[in-house]
$ cat run-v6.pdb   # PDB, C-alpha atoms, pLDDT in the B column
MODEL        1
ATOM      1  CA  MET Q   1      65.036  27.338  -8.655  1.00 68.00           C
ATOM      2  CA  THR Q   2      62.927  28.644  -5.772  1.00 86.00           C
ATOM      3  CA  GLU Q   3      59.796  27.241  -4.201  1.00 89.00           C
ATOM      4  CA  LEU Q   4      56.531  28.187  -5.917  1.00 88.00           C
ATOM      5  CA  GLY Q   5      54.047  29.964  -3.658  1.00 88.00           C
ATOM      6  CA  PRO Q   6      51.008  32.256  -3.443  1.00 85.00           C
ATOM      7  CA  ALA Q   7      52.750  34.977  -5.500  1.00 83.00           C
ATOM      8  CA  ASP Q   8      52.715  32.582  -8.457  1.00 84.00           C
ATOM      9  CA  THR Q   9      48.890  32.722  -8.467  1.00 85.00           C
ATOM     10  CA  VAL Q  10      49.095  36.393  -9.639  1.00 86.00           C
ATOM     11  CA  GLY Q  11      46.975  37.624  -6.725  1.00 86.00           C
ATOM     12  CA  ILE Q  12      44.105  35.145  -6.858  1.00 87.00           C
ATOM     13  CA  LEU Q  13      44.772  33.999  -3.291  1.00 87.00           C
ATOM     14  CA  ARG Q  14      44.883  37.613  -2.065  1.00 87.00           C
ATOM     15  CA  GLN Q  15      41.301  38.379  -3.154  1.00 88.00           C
ATOM     16  CA  PRO Q  16      38.802  39.285  -0.414  1.00 88.00           C
ATOM     17  CA  GLY Q  17      36.590  36.334   0.415  1.00 86.00           C
ATOM     18  CA  ILE Q  18      39.230  33.701  -0.365  1.00 89.00           C
ATOM     19  CA  ARG Q  19      40.497  31.608   2.507  1.00 88.00           C
ATOM     20  CA  ALA Q  20      43.226  29.043   1.867  1.00 89.00           C
ATOM     21  CA  ARG Q  21      42.595  25.872   3.884  1.00 90.00           C
ATOM     22  CA  HIS Q  22      45.718  23.950   2.820  1.00 93.00           C
ATOM     23  CA  THR Q  23      48.783  24.874   0.762  1.00 93.00           C
ATOM     24  CA  SER Q  24      52.118  23.392  -0.228  1.00 94.00           C
ATOM     25  CA  SER Q  25      53.983  26.424   1.175  1.00 92.00           C
ATOM     26  CA  GLY Q  26      57.053  25.379   3.107  1.00 93.00           C
ATOM     27  CA  LEU Q  27      57.348  21.981   1.412  1.00 94.00           C
ATOM     28  CA  GLY Q  28      60.096  23.170  -0.946  1.00 91.00           C
ATOM     29  CA  TRP Q  29      58.273  22.224  -4.145  1.00 92.00           C
ATOM     30  CA  GLU Q  30      59.953  23.960  -7.084  1.00 89.00           C
ATOM     31  CA  GLN Q  31      57.706  22.831  -9.930  1.00 88.00           C
ATOM     32  CA  LEU Q  32      54.270  22.770  -8.278  1.00 91.00           C
ATOM     33  CA  TYR Q  33      52.208  24.906  -5.890  1.00 91.00           C
ATOM     34  CA  LEU Q  34      49.024  23.453  -4.496  1.00 92.00           C
ATOM     35  CA  ALA Q  35      46.297  25.297  -2.598  1.00 92.00           C
ATOM     36  CA  ALA Q  36      42.833  24.270  -1.468  1.00 92.00           C
ATOM     37  CA  GLN Q  37      40.690  27.280  -0.714  1.00 89.00           C
ATOM     38  CA  GLN Q  38      37.151  28.369  -0.131  1.00 87.00           C
ATOM     39  CA  GLU Q  39      36.032  31.305  -2.254  1.00 86.00           C
ATOM     40  CA  GLN Q  40      33.172  33.749  -2.330  1.00 85.00           C
ATOM     41  CA  PRO Q  41      32.171  34.911  -5.828  1.00 83.00           C
ATOM     42  CA  TYR Q  42      34.297  37.808  -7.070  1.00 83.00           C
ATOM     43  CA  ARG Q  43      35.196  39.703 -10.188  1.00 84.00           C
ATOM     44  CA  ALA Q  44      38.826  40.609 -10.876  1.00 85.00           C
ATOM     45  CA  THR Q  45      41.443  40.966 -13.578  1.00 85.00           C
ATOM     46  CA  PHE Q  46      44.823  39.297 -13.215  1.00 85.00           C
ATOM     47  CA  ASP Q  47      48.110  39.810 -15.012  1.00 86.00           C
ATOM     48  CA  PRO Q  48      49.463  36.830 -16.925  1.00 87.00           C
ATOM     49  CA  ALA Q  49      50.851  34.135 -14.631  1.00 85.00           C
ATOM     50  CA  PRO Q  50      54.490  33.057 -15.054  1.00 85.00           C
ATOM     51  CA  THR Q  51      53.400  29.422 -14.749  1.00 87.00           C
ATOM     52  CA  HIS Q  52      50.392  27.397 -15.860  1.00 90.00           C
ATOM     53  CA  LEU Q  53      47.439  27.384 -13.454  1.00 89.00           C
ATOM     54  CA  LEU Q  54      45.273  24.263 -13.243  1.00 90.00           C
ATOM     55  CA  ILE Q  55      42.122  24.946 -11.257  1.00 90.00           C
ATOM     56  CA  LEU Q  56      39.712  22.249 -10.054  1.00 91.00           C
ATOM     57  CA  HIS Q  57      36.323  23.702  -9.127  1.00 90.00           C
ATOM     58  CA  LEU Q  58      34.795  21.558  -6.383  1.00 88.00           C
ATOM     59  CA  SER Q  59      31.562  23.529  -6.476  1.00 88.00           C
ATOM     60  CA  GLY Q  60      29.916  25.433  -9.247  1.00 85.00           C
ATOM     61  CA  PRO Q  61      28.988  26.324 -11.775  1.00 92.00           C
ATOM     62  CA  VAL Q  62      31.598  29.080 -12.140  1.00 90.00           C
ATOM     63  CA  THR Q  63      32.088  31.442 -15.067  1.00 90.00           C
ATOM     64  CA  VAL Q  64      35.675  32.322 -15.981  1.00 86.00           C
ATOM     65  CA  ARG Q  65      36.787  34.745 -18.631  1.00 84.00           C
ATOM     66  CA  ARG Q  66      40.111  34.633 -20.429  1.00 79.00           C
ATOM     67  CA  GLY Q  67      41.587  37.514 -22.426  1.00 76.00           C
ATOM     68  CA  ARG Q  68      40.639  41.161 -22.828  1.00 75.00           C
ATOM     69  CA  GLY Q  69      38.593  43.213 -25.248  1.00 78.00           C
ATOM     70  CA  GLY Q  70      37.230  41.629 -28.403  1.00 81.00           C
ATOM     71  CA  GLY Q  71      39.372  38.522 -27.971  1.00 80.00           C
ATOM     72  CA  ALA Q  72      37.940  37.652 -24.536  1.00 83.00           C
ATOM     73  CA  ARG Q  73      36.158  34.325 -24.124  1.00 86.00           C
ATOM     74  CA  SER Q  74      33.958  33.160 -21.273  1.00 89.00           C
ATOM     75  CA  ARG Q  75      33.469  29.604 -20.142  1.00 89.00           C
ATOM     76  CA  ARG Q  76      31.069  28.119 -17.609  1.00 93.00           C
ATOM     77  CA  ILE Q  77      32.644  25.351 -15.535  1.00 93.00           C
ATOM     78  CA  ALA Q  78      30.505  22.845 -13.659  1.00 94.00           C
ATOM     79  CA  ALA Q  79      31.315  21.472 -10.216  1.00 93.00           C
ATOM     80  CA  GLY Q  80      34.170  19.009 -10.589  1.00 93.00           C
ATOM     81  CA  GLY Q  81      35.377  20.715 -13.766  1.00 94.00           C
ATOM     82  CA  LEU Q  82      38.950  21.704 -14.552  1.00 92.00           C
ATOM     83  CA  PHE Q  83      40.157  25.018 -15.936  1.00 89.00           C
ATOM     84  CA  LEU Q  84      43.650  25.405 -17.397  1.00 90.00           C
ATOM     85  CA  GLN Q  85      45.042  28.923 -17.539  1.00 87.00           C
ATOM     86  CA  PRO Q  86      48.192  28.865 -19.694  1.00 88.00           C
ATOM     87  CA  ALA Q  87      51.241  30.821 -18.548  1.00 90.00           C
ATOM     88  CA  GLY Q  88      51.509  34.270 -20.109  1.00 89.00           C
ATOM     89  CA  ARG Q  89      47.767  34.742 -20.818  1.00 84.00           C
ATOM     90  CA  ASP Q  90      45.460  37.324 -19.184  1.00 78.00           C
ATOM     91  CA  LEU Q  91      42.753  36.067 -16.861  1.00 79.00           C
TER      92      LEU Q  91
ENDMDL
END
$ encode --input "run-v6.pdb" --output "structure tokens"
Amino acid sequence: MTELGPADTVGILRQPGIRARHTSSGLGWEQLYLAAQQEQPYRATFDPAPTHLLILHLSGPVTVRRGRGGGARSRRIAAGGLFLQPAGRDL
């Protein structure tokens, strides 16, 4: 198995206005990738991730939307809240 990295975030860390402050890149972790970043608000669509994404929002509130079309659901997450994006689901 290879080390997980920014590519496993399906492009989230490549968005304009996102600056990673710390990451686990180079540590050889095969089952976990960790990144602490500062983000400006943005709107984007991401392909399904190959792994689960667990996101801790240190500030907020933040609105996230999962799914597409009529099956899409939005959720407002307060500062300190967690958001779990299951592998294989659109974000």
$ resolve_selection --input "run-v6.pdb" --expression "the PyMOL selection byres ((chain Q and resi 15) around 12)" --output "PyMOL selection string"
chain Q and resi 6+9-14+16-20+37-46
$ closest_residue --input "run-v6.pdb" --among "Q:Val64, Q:Leu27, Q:Ile77, Q:Leu32" --to "Thr51 (chain Q)" --atoms "only C-alpha atoms"
Q:Leu32
$ residues_around --input "run-v6.pdb" --residues "Leu34 (chain Q)" --least-positions-apart "3" --cutoff "12 Å" --atoms "all atoms listed in the file" --output "compact mmCIF listing (two decimals) with C-alpha atoms, keeping the file's coordinate frame"
# COMPACT_ATOMS: atom_id res chain seq x y z
CA GLU Q 3 59.80 27.24 -4.20
CA LEU Q 4 56.53 28.19 -5.92
CA GLY Q 5 54.05 29.96 -3.66
CA PRO Q 6 51.01 32.26 -3.44
CA ASP Q 8 52.72 32.58 -8.46
CA THR Q 9 48.89 32.72 -8.47
CA LEU Q 13 44.77 34.00 -3.29
CA ALA Q 20 43.23 29.04 1.87
CA ARG Q 21 42.60 25.87 3.88
CA HIS Q 22 45.72 23.95 2.82
CA THR Q 23 48.78 24.87 0.76
CA SER Q 24 52.12 23.39 -0.23
CA SER Q 25 53.98 26.42 1.18
CA GLY Q 26 57.05 25.38 3.11
CA LEU Q 27 57.35 21.98 1.41
CA GLY Q 28 60.10 23.17 -0.95
CA TRP Q 29 58.27 22.22 -4.14
CA GLU Q 30 59.95 23.96 -7.08
CA GLN Q 31 57.71 22.83 -9.93
CA GLN Q 37 40.69 27.28 -0.71
CA LEU Q 53 47.44 27.38 -13.45
CA LEU Q 54 45.27 24.26 -13.24
CA ILE Q 55 42.12 24.95 -11.26
CA LEU Q 56 39.71 22.25 -10.05
$ atom_distance --input "run-v6.pdb" --atom1 "CA of Arg75 (chain Q)" --atom2 "CA of Ala36 (chain Q)"
21.6 Å
$ atom_distance --input "run-v6.pdb" --atom1 "CA of Asp47 (chain Q)" --atom2 "CA of Arg76 (chain Q)"
20.8 Å
$ build_atoms --input "run-v6.pdb" --residues "region 22-33 of chain Q" --atoms "all heavy atoms" --output "PDB file, in the frame of the given file"
ATOM      1  N   HIS Q  22      44.481  24.730   2.855  1.00 93.00           N
ATOM      2  CA  HIS Q  22      45.718  23.950   2.820  1.00 93.00           C
ATOM      3  C   HIS Q  22      46.562  24.459   1.667  1.00 93.00           C
ATOM      4  O   HIS Q  22      46.028  24.793   0.611  1.00 93.00           O
ATOM      5  CB  HIS Q  22      45.427  22.459   2.577  1.00 93.00           C
ATOM      6  CG  HIS Q  22      44.421  21.876   3.506  1.00 93.00           C
ATOM      7  ND1 HIS Q  22      44.698  21.590   4.816  1.00 93.00           N
ATOM      8  CD2 HIS Q  22      43.133  21.534   3.323  1.00 93.00           C
ATOM      9  CE1 HIS Q  22      43.618  21.091   5.395  1.00 93.00           C
ATOM     10  NE2 HIS Q  22      42.647  21.054   4.500  1.00 93.00           N
ATOM     11  N   THR Q  23      47.877  24.509   1.853  1.00 93.00           N
ATOM     12  CA  THR Q  23      48.783  24.874   0.762  1.00 93.00           C
ATOM     13  C   THR Q  23      50.057  24.036   0.849  1.00 93.00           C
ATOM     14  O   THR Q  23      50.323  23.406   1.873  1.00 93.00           O
ATOM     15  CB  THR Q  23      49.187  26.367   0.786  1.00 93.00           C
ATOM     16  OG1 THR Q  23      50.115  26.582   1.849  1.00 93.00           O
ATOM     17  CG2 THR Q  23      47.982  27.282   0.925  1.00 93.00           C
ATOM     18  N   SER Q  24      50.829  24.086  -0.211  1.00 94.00           N
ATOM     19  CA  SER Q  24      52.118  23.392  -0.228  1.00 94.00           C
ATOM     20  C   SER Q  24      53.254  24.302   0.212  1.00 94.00           C
ATOM     21  O   SER Q  24      54.417  23.920   0.126  1.00 94.00           O
ATOM     22  CB  SER Q  24      52.393  22.838  -1.624  1.00 94.00           C
ATOM     23  OG  SER Q  24      52.436  23.886  -2.571  1.00 94.00           O
ATOM     24  N   SER Q  25      52.943  25.506   0.704  1.00 92.00           N
ATOM     25  CA  SER Q  25      53.983  26.424   1.175  1.00 92.00           C
ATOM     26  C   SER Q  25      54.837  25.750   2.242  1.00 92.00           C
ATOM     27  O   SER Q  25      54.317  25.083   3.142  1.00 92.00           O
ATOM     28  CB  SER Q  25      53.365  27.697   1.747  1.00 92.00           C
ATOM     29  OG  SER Q  25      52.785  28.469   0.732  1.00 92.00           O
ATOM     30  N   GLY Q  26      56.127  25.943   2.133  1.00 93.00           N
ATOM     31  CA  GLY Q  26      57.053  25.379   3.107  1.00 93.00           C
ATOM     32  C   GLY Q  26      57.511  23.968   2.801  1.00 93.00           C
ATOM     33  O   GLY Q  26      58.362  23.424   3.506  1.00 93.00           O
ATOM     34  N   LEU Q  27      56.964  23.349   1.755  1.00 94.00           N
ATOM     35  CA  LEU Q  27      57.348  21.981   1.412  1.00 94.00           C
ATOM     36  C   LEU Q  27      58.541  21.929   0.457  1.00 94.00           C
ATOM     37  O   LEU Q  27      59.066  20.860   0.176  1.00 94.00           O
ATOM     38  CB  LEU Q  27      56.164  21.222   0.811  1.00 94.00           C
ATOM     39  CG  LEU Q  27      54.960  21.037   1.733  1.00 94.00           C
ATOM     40  CD1 LEU Q  27      53.825  20.318   0.999  1.00 94.00           C
ATOM     41  CD2 LEU Q  27      55.352  20.271   2.991  1.00 94.00           C
ATOM     42  N   GLY Q  28      58.941  23.103  -0.069  1.00 91.00           N
ATOM     43  CA  GLY Q  28      60.096  23.170  -0.946  1.00 91.00           C
ATOM     44  C   GLY Q  28      59.841  22.737  -2.377  1.00 91.00           C
ATOM     45  O   GLY Q  28      60.785  22.500  -3.123  1.00 91.00           O
ATOM     46  N   TRP Q  29      58.589  22.647  -2.784  1.00 92.00           N
ATOM     47  CA  TRP Q  29      58.273  22.224  -4.145  1.00 92.00           C
ATOM     48  C   TRP Q  29      58.675  23.327  -5.124  1.00 92.00           C
ATOM     49  O   TRP Q  29      58.221  24.451  -5.026  1.00 92.00           O
ATOM     50  CB  TRP Q  29      56.794  21.916  -4.290  1.00 92.00           C
ATOM     51  CG  TRP Q  29      56.314  20.769  -3.471  1.00 92.00           C
ATOM     52  CD1 TRP Q  29      57.064  19.959  -2.659  1.00 92.00           C
ATOM     53  CD2 TRP Q  29      54.977  20.300  -3.358  1.00 92.00           C
ATOM     54  NE1 TRP Q  29      56.270  19.021  -2.067  1.00 92.00           N
ATOM     55  CE2 TRP Q  29      54.978  19.197  -2.471  1.00 92.00           C
ATOM     56  CE3 TRP Q  29      53.776  20.701  -3.917  1.00 92.00           C
ATOM     57  CZ2 TRP Q  29      53.834  18.504  -2.143  1.00 92.00           C
ATOM     58  CZ3 TRP Q  29      52.630  20.006  -3.584  1.00 92.00           C
ATOM     59  CH2 TRP Q  29      52.664  18.916  -2.716  1.00 92.00           C
ATOM     60  N   GLU Q  30      59.477  22.984  -6.108  1.00 89.00           N
ATOM     61  CA  GLU Q  30      59.953  23.960  -7.084  1.00 89.00           C
ATOM     62  C   GLU Q  30      59.140  23.978  -8.367  1.00 89.00           C
ATOM     63  O   GLU Q  30      59.174  24.945  -9.106  1.00 89.00           O
ATOM     64  CB  GLU Q  30      61.415  23.665  -7.422  1.00 89.00           C
ATOM     65  CG  GLU Q  30      62.333  23.825  -6.237  1.00 89.00           C
ATOM     66  CD  GLU Q  30      63.762  23.457  -6.556  1.00 89.00           C
ATOM     67  OE1 GLU Q  30      64.030  23.006  -7.690  1.00 89.00           O
ATOM     68  OE2 GLU Q  30      64.613  23.612  -5.672  1.00 89.00           O
ATOM     69  N   GLN Q  31      58.428  22.934  -8.669  1.00 88.00           N
ATOM     70  CA  GLN Q  31      57.706  22.831  -9.930  1.00 88.00           C
ATOM     71  C   GLN Q  31      56.188  22.861  -9.763  1.00 88.00           C
ATOM     72  O   GLN Q  31      55.463  22.831 -10.753  1.00 88.00           O
ATOM     73  CB  GLN Q  31      58.091  21.535 -10.648  1.00 88.00           C
ATOM     74  CG  GLN Q  31      59.566  21.418 -10.943  1.00 88.00           C
ATOM     75  CD  GLN Q  31      60.033  22.436 -11.973  1.00 88.00           C
ATOM     76  OE1 GLN Q  31      59.335  22.720 -12.939  1.00 88.00           O
ATOM     77  NE2 GLN Q  31      61.200  22.998 -11.760  1.00 88.00           N
ATOM     78  N   LEU Q  32      55.711  22.878  -8.524  1.00 91.00           N
ATOM     79  CA  LEU Q  32      54.270  22.770  -8.278  1.00 91.00           C
ATOM     80  C   LEU Q  32      53.897  23.532  -7.023  1.00 91.00           C
ATOM     81  O   LEU Q  32      54.600  23.475  -6.021  1.00 91.00           O
ATOM     82  CB  LEU Q  32      53.903  21.287  -8.108  1.00 91.00           C
ATOM     83  CG  LEU Q  32      52.454  20.955  -7.787  1.00 91.00           C
ATOM     84  CD1 LEU Q  32      51.564  21.225  -9.000  1.00 91.00           C
ATOM     85  CD2 LEU Q  32      52.336  19.491  -7.399  1.00 91.00           C
ATOM     86  N   TYR Q  33      52.796  24.281  -7.079  1.00 91.00           N
ATOM     87  CA  TYR Q  33      52.208  24.906  -5.890  1.00 91.00           C
ATOM     88  C   TYR Q  33      50.776  24.436  -5.822  1.00 91.00           C
ATOM     89  O   TYR Q  33      50.051  24.477  -6.819  1.00 91.00           O
ATOM     90  CB  TYR Q  33      52.243  26.438  -5.975  1.00 91.00           C
ATOM     91  CG  TYR Q  33      51.545  27.083  -4.805  1.00 91.00           C
ATOM     92  CD1 TYR Q  33      52.135  27.087  -3.547  1.00 91.00           C
ATOM     93  CD2 TYR Q  33      50.304  27.656  -4.946  1.00 91.00           C
ATOM     94  CE1 TYR Q  33      51.500  27.648  -2.462  1.00 91.00           C
ATOM     95  CE2 TYR Q  33      49.650  28.230  -3.870  1.00 91.00           C
ATOM     96  CZ  TYR Q  33      50.256  28.221  -2.623  1.00 91.00           C
ATOM     97  OH  TYR Q  33      49.602  28.774  -1.547  1.00 91.00           O
TER      98      TYR Q  33
END
